[in-house]
Every structure is written in structure tokens, then in C-alpha cells.
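Notes to accompany the following structure.
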Amino acid sequence: MTSETTVAFVSLGCVKNLVDSEKMLGQLAEAGCAFTNDESDADVIVVNTCGFLAASRTEALDCIGEAVAQKTTGRCKRVVVAGCLVQRDKETLLDEIDGVDALVGVHNRDDIVRAVLADSETRDRSVDLFLGDYHPHVQLDFTRLRLTPRHYAYLRISEGCNQKCTFCTIPAIRGPMHCKPPNVVLDEARELVSDGAVELHLIGQDTTSYGEEFNDDYDLARLLRDLNGVDGVEWIRLMYVYPSVLTDAMIDAIAGCEHLVKYIDIPLQHINDRVLKAMHRRVTRRQTEELLAKLRDRIPGVSIRTTLIAGFPGETDTEFEELLEFVQAFRFDALGVFPFSAEPDTPAGRMANRIPETVVQDRIHTLMTTQQGVAFASADEMIGRTLRVLVDEVSSDGEAQGRHAGQAPMVDSITYIDDETVTSGAFIDARCTGRRDYDLIAVPTRPSLRVLS
């Protein structure tokens with residue numbers, strides 16, 4: 001392969017994987033590669049995989065199979081598979097699918113150029129392997145070719161996780177937690193802002209444990225305050241909060257920092273004490289309820305999103321009813337439910353008393369139906385309020401879509417803007433006039449505050 005290689009890039013999985021994809025795309029662009037959305041017109045196809053759950057593994061294998069098929073029907077000469085599934089399964093992945101030319105694990109992300117530009121026809125080995133072991137050095141995310149709209153970006157502050165929840169494969173794939181030094185996080189934030197981002201989403205497997213490996217007491221609260229001072233950033237959104245390590249200082253920082261939107265993504269997974277203990281969540285129902293009450297008391301107007309797991313091994317009808325009643329009572333602003341996935345090599349994956357799939361799906365449906373009623377009622381309460389909205393896109397027919405501070409991209413509802421003159425990337429004040437199911441409808445009350453050139 002030469003530096004004029006044309007690459008089609010498929011990015012799967014979560015936003016943490018998206019950052020990896022953006023970094024790899026940046027490295028390939030610096031190496032002189034061109035990009036195409038048409039796999040049939042690519043010299044090389046890269047699939048950056050997710051391996052977190054069985055469903056994501058199936059999706060990845062399907063995408064890899066489609067990419068390999070292009071080697072016989074298109075101009076593709078090389079298929080490179082990267083990411084979490086590679087790190088999880090390593091060479092055994094090759095037993096399931098033929099035609100892959102290189103494997104790049106998550107700890108070898110920076111080898112992507114070598115993997116793409118290698119010449120398959122001159123290699124002695126049929127598959128190039130970039131599968132180094134975990135190392136404690138943080139991979140930097142500067143100079144990314146971003147896949148998000150210009151006006152918002154994901155800023156990863158840490159990698160890996162030390163929590164060891166019994167259902168989770170992340171520590172086995174990504175390794176123990178390690179954090180970017182504060183100066184690196186701040187420099188990356190400034191780079192993203194200089195590239196046009198006005199909203200930064202702070203991500204990591206467990207953002208609240210940021211700084212636990214440092215020796216100078218620098219923690220998430222201090223990082224939030226420092227990021228709040230970055231020139232040009234308007235909104236900072238905190239994702240993936242772990243409940244047992246969300247401190248008073250962090251809550252005060254969220255409440256007091258001007259640019260920290262009053263929004264917290266806090267995956268709780270369950271509320272029953274026995275199930276929480278079996279999940280190794282390091283928190284009780286009482287502690288969870290005290291924390292949630294504290295958040296609403298000390299951060300007025302805060303929006304709280306959570307995710308839950310239905311059908312954890314041994315979850316009884318009574319324990320599920322406890323969870324359902326909790327959802328009804330607390331009235332989360334947004335909520336997602338995942339079915340338990342029995343992942344190999346996790347403690348929960350080896351647990352007995354599996355819940356039948358039909359029961360799991362019924363429980364998911366019941367939880368989401370209950371949450372739907374909560375969400376619809378909350379949306380109705382928004383009617384008549386004036387919201388600050390960040391416009392995400394304007395369709396060809398003039399309808400705009402955006403988000404207020406309580407809405408994160410891709411996971412939450414949206415706000416439709418009934419005005420064809422608004423511009424993507426602009427902040428506007430808009431009055432909510434109605435809703436479409438979960439989504440809001442709003443009309444601007446005055447011209448946009450900022451338009452990106």
C-alpha cells in the first residue's frame with residue numbers, strides 16, 4: 001500500500017470507541033490516506049469494533065464479514081479490524097472469519113497506520129498482529145478527525161476501570177483505570193474548542209474516579225473547575241458518573257461552575273441491595289437515594305439520566321417490583337434499560353439462576369413503559385418554558401433539531417426548532433410550545449447567540 005491509499009472506516013460501539021476512531025482517522029489523514037464512505041471504492045476497510053456485549057459482538061462480526069466480502073466484489077485489498085473485540089478475543093477472532101489482514105488491539109491504536117499501509121501481498125505472515133499487552137501510559141487524543149458535528153466533541157479524561165462490576169468486561173478489555181494528566185486534558189479541551197467545539201462531553205469508564213492515581217489530590221472537582229475556565233467553551237457535560245465515588249466537592253463544582261450544564265449521567269443498574277451486592281456496585285439503596293436527593297437539592301434544576309439492567313441472574317419478581325417502584329417514584333429525566341448479557345469470563349456470566357429471555361424482555365418493556373409515562377409528563381411540564389438550545393442540525397426542508405441542557409446527543413430526546421433561519425452550532429433562546437412523544441417543539445424568542453463560521 002502507498003500513502004495514497006483510500007480507506008473506508010466503520011466505527012462501532014460507544015462514544016469512547018468513537019474517540020479512538022477519530023484519533024485513528026487523524027493518524028491516517030496525516031499519513032496521506034484518503035477517505036470514502038463507499039466500501040466498494042476503498043483500498044482498505046477498517047472496522048473499529050465494540051466487544052462489550054454479545055449483541056455488539058454479533059454486529060461487529062457481521063460488519064467484518066461484509067468488509068471481507070468487498071475483497072471479491074470491490075477494489076478492497078485489505079481489511080483491518082481494530083478495537084475492543086480484537087482486544088477481547090485476539091487471534092481466536094480469526095477462527096470465526098476468514099479474510100482479515102490485520103488485527104489492532106485497543107492498546108495498539110497508534111499502530112493503525114502500519115496496519116493499513118502494510119502490503120498484504122508481500123507479507124510473509126497472512127495476518128499482521130498488533131496485540132500488545134496493557135500498559136499504564138495514557139494514549140493521547142490530540143489531532144483527531146472528528147466524526148461529530150463541529151460544535152460538540154467528546155473529551156476522554158481517563159481509560160480503563162477499577163470498579164470490577166461482576167457483569168462488566170471493560171477491565172478485561174481496557175485494563176485498570178489510568179487518567180490523563182490535567183494539563184493534557186486541558187490542552188485537548190483547548191484544541192477541540194479551537195476546532196469549533198462549544199460543547200464538551202467528559203467521558204471515561206468511570207469519570208468520578210478521575211485523579212485517584214495522582215499524588216497531589218487533584219481530582220474531578222478540580223478538573224471541572226479548571227475546564228470551566230477554558231476560553232470559548234459554553235457547555236461542559238459530565239457523563240458516566242459512578243455513584244459510590246461522587247463526592248460533595250464534585251457536586252459543588254457542578255452546581256457552581258457556570259459552564260457545567262446541570263446534567264448528570266449516573267448509571268445505577270439496580271436499586272435492590274442484594275442485586276447491587278451481586279453486581280459488586282459498592283453502594284446500597286439507602287446510599288443511592290441519599291445521593292440522588294442531594295443532587296436535586298444542591299443542583300437546582302439538575303437533569304439526571306440513568307441506565308438499568310433487567311434480568312440479572314437471580315433477580316426475583318419482588319426485586320424487580322422494587323426496581324419498578326423506584327423508577328416510578330424518583331422520576332428520572334431520562335432512563336435506558338439493557339438486558340443482562342452473560343459475558344464469558346465475568347463472574348456474573350458464570351452465575352446460576354438465569355432469568356428466561358421472555359421474562360427479561362417483559363421486564364424491559366414494563367420499565368420502559370413506566371418511564372415513558374414519566375417522560376411524557378415531564379415533557380408536558382416544559383411547555384411554556386424558555387430554554388437555551390444548542391442547534392445540532394438543520395434539515396434540507398428547513399426543520400432544525402437541537403438540545404437544551406438536559407439533553408445529551410444520541411442518548412436523549414431532542415428539541416425541534418420551529419424556525420428555518422437558525423444555524424447549526426448556534427445557541428438560541430426558545431419557548432417550548434409542545435412535544436412529539438419524548439421530543440420537544442420550541443420557537444426562538446430572539447436571534448442566535450453564536451453562529452460558527
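Chain labels follow the order of the C-alpha cells: the first chain is A, the next B, and so on; residue numbering restarts at 1 in every chain, and ligands are counted from 1 in their shown order.
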Item to check | DSSP-assigned alpha helix (DSSP H) among region 284-386 of chain A, expressed as an MDAnalysis selection string | outcome: chainID A and resid 285:298 317:330 357:382
Do a neighbour search on region 312-329 of chain A at 7 Å with only C-alpha atoms, toss out local chain neighbours closer than 2 positions, and write the hits as an mmCIF file with C-alpha atoms, in the first residue's frame.
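Result file is around-v8.cif:
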```cif
data_model
loop_
_atom_site.group_PDB
_atom_site.id
_atom_site.type_symbol
_atom_site.label_atom_id
_atom_site.label_comp_id
_atom_site.auth_asym_id
_atom_site.auth_seq_id
_atom_site.Cartn_x
_atom_site.Cartn_y
_atom_site.Cartn_z
ATOM 1 C CA HIS A 270 -30.393 -1.556 40.035
ATOM 2 C CA ILE A 271 -31.770 -0.477 43.416
ATOM 3 C CA ASN A 272 -32.254 -3.714 45.372
ATOM 4 C CA VAL A 275 -28.744 -7.400 43.454
ATOM 5 C CA ILE A 309 -30.001 -3.824 33.892
ATOM 6 C CA ALA A 310 -33.049 -6.090 33.727
ATOM 7 C CA ARG A 331 -38.974 10.225 38.050
ATOM 8 C CA PHE A 340 -28.432 -8.767 31.246
ATOM 9 C CA MET A 351 -23.811 -17.261 37.888
ATOM 10 C CA ALA A 352 -26.707 -19.700 38.114
ATOM 11 C CA ASN A 353 -30.411 -18.819 38.239
ATOM 12 C CA ARG A 354 -30.538 -17.234 34.802
ATOM 13 C CA ILE A 355 -33.741 -15.385 34.027
ATOM 14 C CA LEU A 367 -39.707 -0.493 32.905
ATOM 15 C CA THR A 370 -43.354 3.165 33.094
#
```
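By only C-alpha atoms, and with residues fewer than 6 positions from Arg225 (chain A) along its chain excluded, the set lying at most 12 Å from it is Pro182, Leu186, Tyr218, Asp219, Ile236, Ala249, Met250, Ile251, Asp252, Ala253, Ile254, Ala255, Gly256, Cys257, Glu258, His259 and Leu260 of chain A.
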Please dump the current selection as a PDB file, in the first residue's frame; keep C-alpha atoms.
```pdb
ATOM      1  CA  PRO A 182      -4.742  17.569  33.955  1.00  0.00           C
ATOM      2  CA  LEU A 186      -6.941  20.984  29.347  1.00  0.00           C
ATOM      3  CA  TYR A 218      -6.037  16.622  42.028  1.00  0.00           C
ATOM      4  CA  ASP A 219      -9.474  15.126  41.441  1.00  0.00           C
ATOM      5  CA  ILE A 236     -19.452  21.013  29.674  1.00  0.00           C
ATOM      6  CA  ALA A 249     -16.781  18.559  46.230  1.00  0.00           C
ATOM      7  CA  MET A 250     -17.770  17.246  42.794  1.00  0.00           C
ATOM      8  CA  ILE A 251     -21.412  18.154  43.388  1.00  0.00           C
ATOM      9  CA  ASP A 252     -20.376  21.654  44.465  1.00  0.00           C
ATOM     10  CA  ALA A 253     -18.278  22.029  41.308  1.00  0.00           C
ATOM     11  CA  ILE A 254     -21.188  21.026  39.075  1.00  0.00           C
ATOM     12  CA  ALA A 255     -23.512  23.384  40.916  1.00  0.00           C
ATOM     13  CA  GLY A 256     -21.107  26.302  40.984  1.00  0.00           C
ATOM     14  CA  CYS A 257     -19.360  26.236  37.615  1.00  0.00           C
ATOM     15  CA  GLU A 258     -21.036  28.464  35.047  1.00  0.00           C
ATOM     16  CA  HIS A 259     -20.324  26.261  32.047  1.00  0.00           C
ATOM     17  CA  LEU A 260     -21.094  22.912  33.694  1.00  0.00           C
TER      18      LEU A 260
END
```
Please report, as JSON lines, each residue of region 340-424 of chain A lying at most 8 Å from region 157-178 of chain A, together with the nearest pair of atoms and the separation in Å rounded to one decimal; use only C-alpha atoms, and order rows by chain and ascending residue number.
```
{"residue": "A:Ser341", "atom": "CA", "partner": "A:Phe167", "partner_atom": "CA", "distance": 7.7}
{"residue": "A:Ala342", "atom": "CA", "partner": "A:Phe167", "partner_atom": "CA", "distance": 7.3}
{"residue": "A:Glu343", "atom": "CA", "partner": "A:Phe167", "partner_atom": "CA", "distance": 7.0}
{"residue": "A:Asp345", "atom": "CA", "partner": "A:Thr169", "partner_atom": "CA", "distance": 8.0}
{"residue": "A:Thr346", "atom": "CA", "partner": "A:Phe167", "partner_atom": "CA", "distance": 5.9}
{"residue": "A:Pro347", "atom": "CA", "partner": "A:Thr166", "partner_atom": "CA", "distance": 5.1}
{"residue": "A:Ala348", "atom": "CA", "partner": "A:Phe167", "partner_atom": "CA", "distance": 5.0}
{"residue": "A:Gly349", "atom": "CA", "partner": "A:Phe167", "partner_atom": "CA", "distance": 6.8}
```
Kindly export the residues of the current selection with N, CA and C atoms, as a short mmCIF file (atom, residue, chain, number, x, y, z; two decimals), in the first residue's frame.
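What ended up in selection.cif:
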```
data_model
loop_
_atom_site.label_atom_id
_atom_site.label_comp_id
_atom_site.auth_asym_id
_atom_site.auth_seq_id
_atom_site.Cartn_x
_atom_site.Cartn_y
_atom_site.Cartn_z
N SER A 341 -26.54 -9.44 29.95
CA SER A 341 -25.80 -10.21 28.94
C SER A 341 -24.75 -11.05 29.66
N ALA A 342 -24.84 -12.35 29.53
CA ALA A 342 -23.92 -13.27 30.23
C ALA A 342 -22.60 -13.31 29.46
N GLU A 343 -21.69 -12.44 29.84
CA GLU A 343 -20.41 -12.34 29.14
C GLU A 343 -19.42 -13.36 29.69
N ASP A 345 -16.14 -15.13 31.02
CA ASP A 345 -15.02 -14.67 31.84
C ASP A 345 -15.40 -13.53 32.79
N THR A 346 -16.70 -13.30 33.00
CA THR A 346 -17.12 -12.37 34.05
C THR A 346 -17.78 -13.19 35.15
N PRO A 347 -17.69 -12.75 36.40
CA PRO A 347 -18.34 -13.50 37.49
C PRO A 347 -19.84 -13.69 37.26
N ALA A 348 -20.51 -12.64 36.78
CA ALA A 348 -21.96 -12.77 36.55
C ALA A 348 -22.27 -13.73 35.42
N GLY A 349 -21.36 -13.83 34.47
CA GLY A 349 -21.56 -14.76 33.36
C GLY A 349 -21.54 -16.20 33.80
#
```
Next on the checklist: as a VMD selection string, please: the residues near Val68 (chain A) (cut-off 12 Å, only C-alpha atoms, same-chain neighbours under 4 positions excluded).
Outcome noted: chain A and resid 39 to 40 42 to 47 61 to 64 72 to 81 97 to 102
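CA of Val245 (chain A) is positioned 15.6 Å from CA of Ala293 (chain A).
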Next on the checklist: Using Å and a single decimal, report how far CA of Ile266 (chain A) sits from CA of Leu292 (chain A).
Outcome noted: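 Those two atoms sit 9.7 Å apart.
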Once you count only C-alpha atoms, what closest atom pair and distance in Å to one decimal does each residue of region 352-374 of chain A within 12 Å of region 429-442 of chain A have, with rows by chain and rising residue number, as CSV?
```
residue,atom,partner,partner_atom,distance
A:Gln371,CA,A:Tyr438,CA,10.6
A:Gln372,CA,A:Tyr438,CA,7.9
A:Gly373,CA,A:Tyr438,CA,9.8
A:Val374,CA,A:Tyr438,CA,10.0
```
Item to check | Coordinates-based distance that separates CA of Cys14 (chain A) from CA of Asp89 (chain A) (Å, one decimal) | outcome: 18.4 Å
Can you list, as a PDB file with N, CA and C atoms, in the first residue's frame, every protein, DNA or RNA residue that comes within 10 Å of Leu192 (chain A) when you count only C-alpha atoms, leaving out same-chain residues fewer than 2 positions away?
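out-v4.pdb was written with the following content:
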```
ATOM      1  N   PHE A 142      -5.006  13.960  20.809  1.00  0.00           N
ATOM      2  CA  PHE A 142      -4.859  15.176  20.023  1.00  0.00           C
ATOM      3  C   PHE A 142      -5.013  14.870  18.532  1.00  0.00           C
ATOM      4  N   THR A 143      -5.297  15.892  17.749  1.00  0.00           N
ATOM      5  CA  THR A 143      -5.288  15.834  16.277  1.00  0.00           C
ATOM      6  C   THR A 143      -6.209  14.741  15.765  1.00  0.00           C
ATOM      7  N   ARG A 144      -7.444  14.794  16.234  1.00  0.00           N
ATOM      8  CA  ARG A 144      -8.445  13.838  15.767  1.00  0.00           C
ATOM      9  C   ARG A 144      -9.155  14.373  14.529  1.00  0.00           C
ATOM     10  N   ARG A 146     -12.609  14.508  13.554  1.00  0.00           N
ATOM     11  CA  ARG A 146     -13.828  14.260  14.324  1.00  0.00           C
ATOM     12  C   ARG A 146     -15.003  13.826  13.451  1.00  0.00           C
ATOM     13  N   ARG A 150     -19.257  19.775  14.153  1.00  0.00           N
ATOM     14  CA  ARG A 150     -18.139  20.613  14.572  1.00  0.00           C
ATOM     15  C   ARG A 150     -18.346  21.224  15.952  1.00  0.00           C
ATOM     16  N   HIS A 151     -19.595  21.481  16.340  1.00  0.00           N
ATOM     17  CA  HIS A 151     -19.833  22.279  17.535  1.00  0.00           C
ATOM     18  C   HIS A 151     -19.832  21.488  18.842  1.00  0.00           C
ATOM     19  N   TYR A 152     -19.749  20.169  18.788  1.00  0.00           N
ATOM     20  CA  TYR A 152     -19.574  19.433  20.048  1.00  0.00           C
ATOM     21  C   TYR A 152     -18.583  18.294  19.867  1.00  0.00           C
ATOM     22  N   ALA A 153     -17.971  17.905  20.996  1.00  0.00           N
ATOM     23  CA  ALA A 153     -16.927  16.880  20.941  1.00  0.00           C
ATOM     24  C   ALA A 153     -16.892  16.118  22.257  1.00  0.00           C
ATOM     25  N   TYR A 154     -16.377  14.895  22.178  1.00  0.00           N
ATOM     26  CA  TYR A 154     -16.177  14.075  23.364  1.00  0.00           C
ATOM     27  C   TYR A 154     -14.726  14.206  23.828  1.00  0.00           C
ATOM     28  N   LEU A 155     -14.565  14.469  25.112  1.00  0.00           N
ATOM     29  CA  LEU A 155     -13.251  14.644  25.707  1.00  0.00           C
ATOM     30  C   LEU A 155     -13.031  13.531  26.727  1.00  0.00           C
ATOM     31  N   LEU A 186      -6.672  19.577  29.642  1.00  0.00           N
ATOM     32  CA  LEU A 186      -6.941  20.984  29.347  1.00  0.00           C
ATOM     33  C   LEU A 186      -6.448  21.359  27.951  1.00  0.00           C
ATOM     34  N   ASP A 187      -5.275  20.852  27.565  1.00  0.00           N
ATOM     35  CA  ASP A 187      -4.762  21.137  26.220  1.00  0.00           C
ATOM     36  C   ASP A 187      -5.664  20.517  25.152  1.00  0.00           C
ATOM     37  N   GLU A 188      -6.155  19.290  25.399  1.00  0.00           N
ATOM     38  CA  GLU A 188      -7.071  18.676  24.438  1.00  0.00           C
ATOM     39  C   GLU A 188      -8.370  19.472  24.359  1.00  0.00           C
ATOM     40  N   ALA A 189      -8.837  19.959  25.505  1.00  0.00           N
ATOM     41  CA  ALA A 189     -10.053  20.777  25.503  1.00  0.00           C
ATOM     42  C   ALA A 189      -9.854  22.032  24.665  1.00  0.00           C
ATOM     43  N   ARG A 190      -8.716  22.678  24.837  1.00  0.00           N
ATOM     44  CA  ARG A 190      -8.444  23.898  24.061  1.00  0.00           C
ATOM     45  C   ARG A 190      -8.354  23.591  22.572  1.00  0.00           C
ATOM     46  N   SER A 194     -10.746  25.194  19.775  1.00  0.00           N
ATOM     47  CA  SER A 194     -10.181  25.907  18.633  1.00  0.00           C
ATOM     48  C   SER A 194     -10.659  25.311  17.316  1.00  0.00           C
ATOM     49  N   ASP A 195     -11.091  24.061  17.350  1.00  0.00           N
ATOM     50  CA  ASP A 195     -11.627  23.397  16.157  1.00  0.00           C
ATOM     51  C   ASP A 195     -13.125  23.643  16.007  1.00  0.00           C
ATOM     52  N   GLY A 196     -13.711  24.452  16.881  1.00  0.00           N
ATOM     53  CA  GLY A 196     -15.102  24.829  16.731  1.00  0.00           C
ATOM     54  C   GLY A 196     -16.058  24.283  17.766  1.00  0.00           C
ATOM     55  N   ALA A 197     -15.583  23.428  18.685  1.00  0.00           N
ATOM     56  CA  ALA A 197     -16.489  22.840  19.676  1.00  0.00           C
ATOM     57  C   ALA A 197     -16.861  23.866  20.737  1.00  0.00           C
ATOM     58  N   VAL A 198     -18.157  24.001  20.981  1.00  0.00           N
ATOM     59  CA  VAL A 198     -18.628  24.862  22.065  1.00  0.00           C
ATOM     60  C   VAL A 198     -19.205  24.027  23.211  1.00  0.00           C
ATOM     61  N   GLU A 199     -19.353  22.735  22.974  1.00  0.00           N
ATOM     62  CA  GLU A 199     -19.854  21.815  23.998  1.00  0.00           C
ATOM     63  C   GLU A 199     -18.901  20.632  24.090  1.00  0.00           C
ATOM     64  N   LEU A 200     -18.435  20.337  25.311  1.00  0.00           N
ATOM     65  CA  LEU A 200     -17.541  19.218  25.551  1.00  0.00           C
ATOM     66  C   LEU A 200     -18.225  18.209  26.468  1.00  0.00           C
ATOM     67  N   GLY A 232     -13.880  29.955  25.479  1.00  0.00           N
ATOM     68  CA  GLY A 232     -14.609  29.502  24.308  1.00  0.00           C
ATOM     69  C   GLY A 232     -15.565  28.359  24.541  1.00  0.00           C
ATOM     70  N   VAL A 233     -15.435  27.646  25.656  1.00  0.00           N
ATOM     71  CA  VAL A 233     -16.358  26.549  25.926  1.00  0.00           C
ATOM     72  C   VAL A 233     -17.619  27.115  26.567  1.00  0.00           C
TER      73      VAL A 233
END
```
Checklist entry - In region 73-259 of chain A, what's strand (DSSP E or B) per DSSP? Answer as a PyMOL selection string? => result chain A and resi 78-83+102-104+128-130+152-156+158-159+178-179+199-203+235-238
Need the shell around Gln407 (chain A): protein/DNA/RNA residues with any atom at most 10 Å away, counting only C-alpha atoms. Skip same-chain ones fewer than 6 positions apart. Format as a compact mmCIF listing (two decimals) with C-alpha atoms, in the first residue's frame?
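Everything below was put into selection.txt:
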```
# COMPACT_ATOMS: atom_id res chain seq x y z
CA ARG A 237 -21.42 17.82 30.25
CA VAL A 261 -24.58 22.04 32.47
CA TYR A 263 -26.93 17.27 33.89
CA SER A 303 -31.38 16.59 34.88
CA ILE A 304 -30.50 13.05 35.92
CA ARG A 305 -30.14 10.20 33.42
CA ASP A 333 -35.32 12.75 33.41
CA ALA A 334 -34.04 10.02 31.09
CA VAL A 389 -30.98 25.37 22.98
CA LEU A 390 -27.89 24.36 21.02
CA SER A 413 -34.68 13.25 23.41
CA ILE A 414 -34.26 16.28 21.13
CA THR A 415 -35.84 19.71 20.70
CA ASP A 439 -39.21 15.27 21.97
```
Next on the checklist: My list of candidates is A:Val86, A:Met368, A:Leu129, A:Ile112. Which is closest to Phe9 (chain A) when distances are computed with only C-alpha atoms?
Outcome noted: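 Among A:Val86, A:Met368, A:Leu129, A:Ile112, it is A:Ile112 that comes nearest to Phe9 (chain A).
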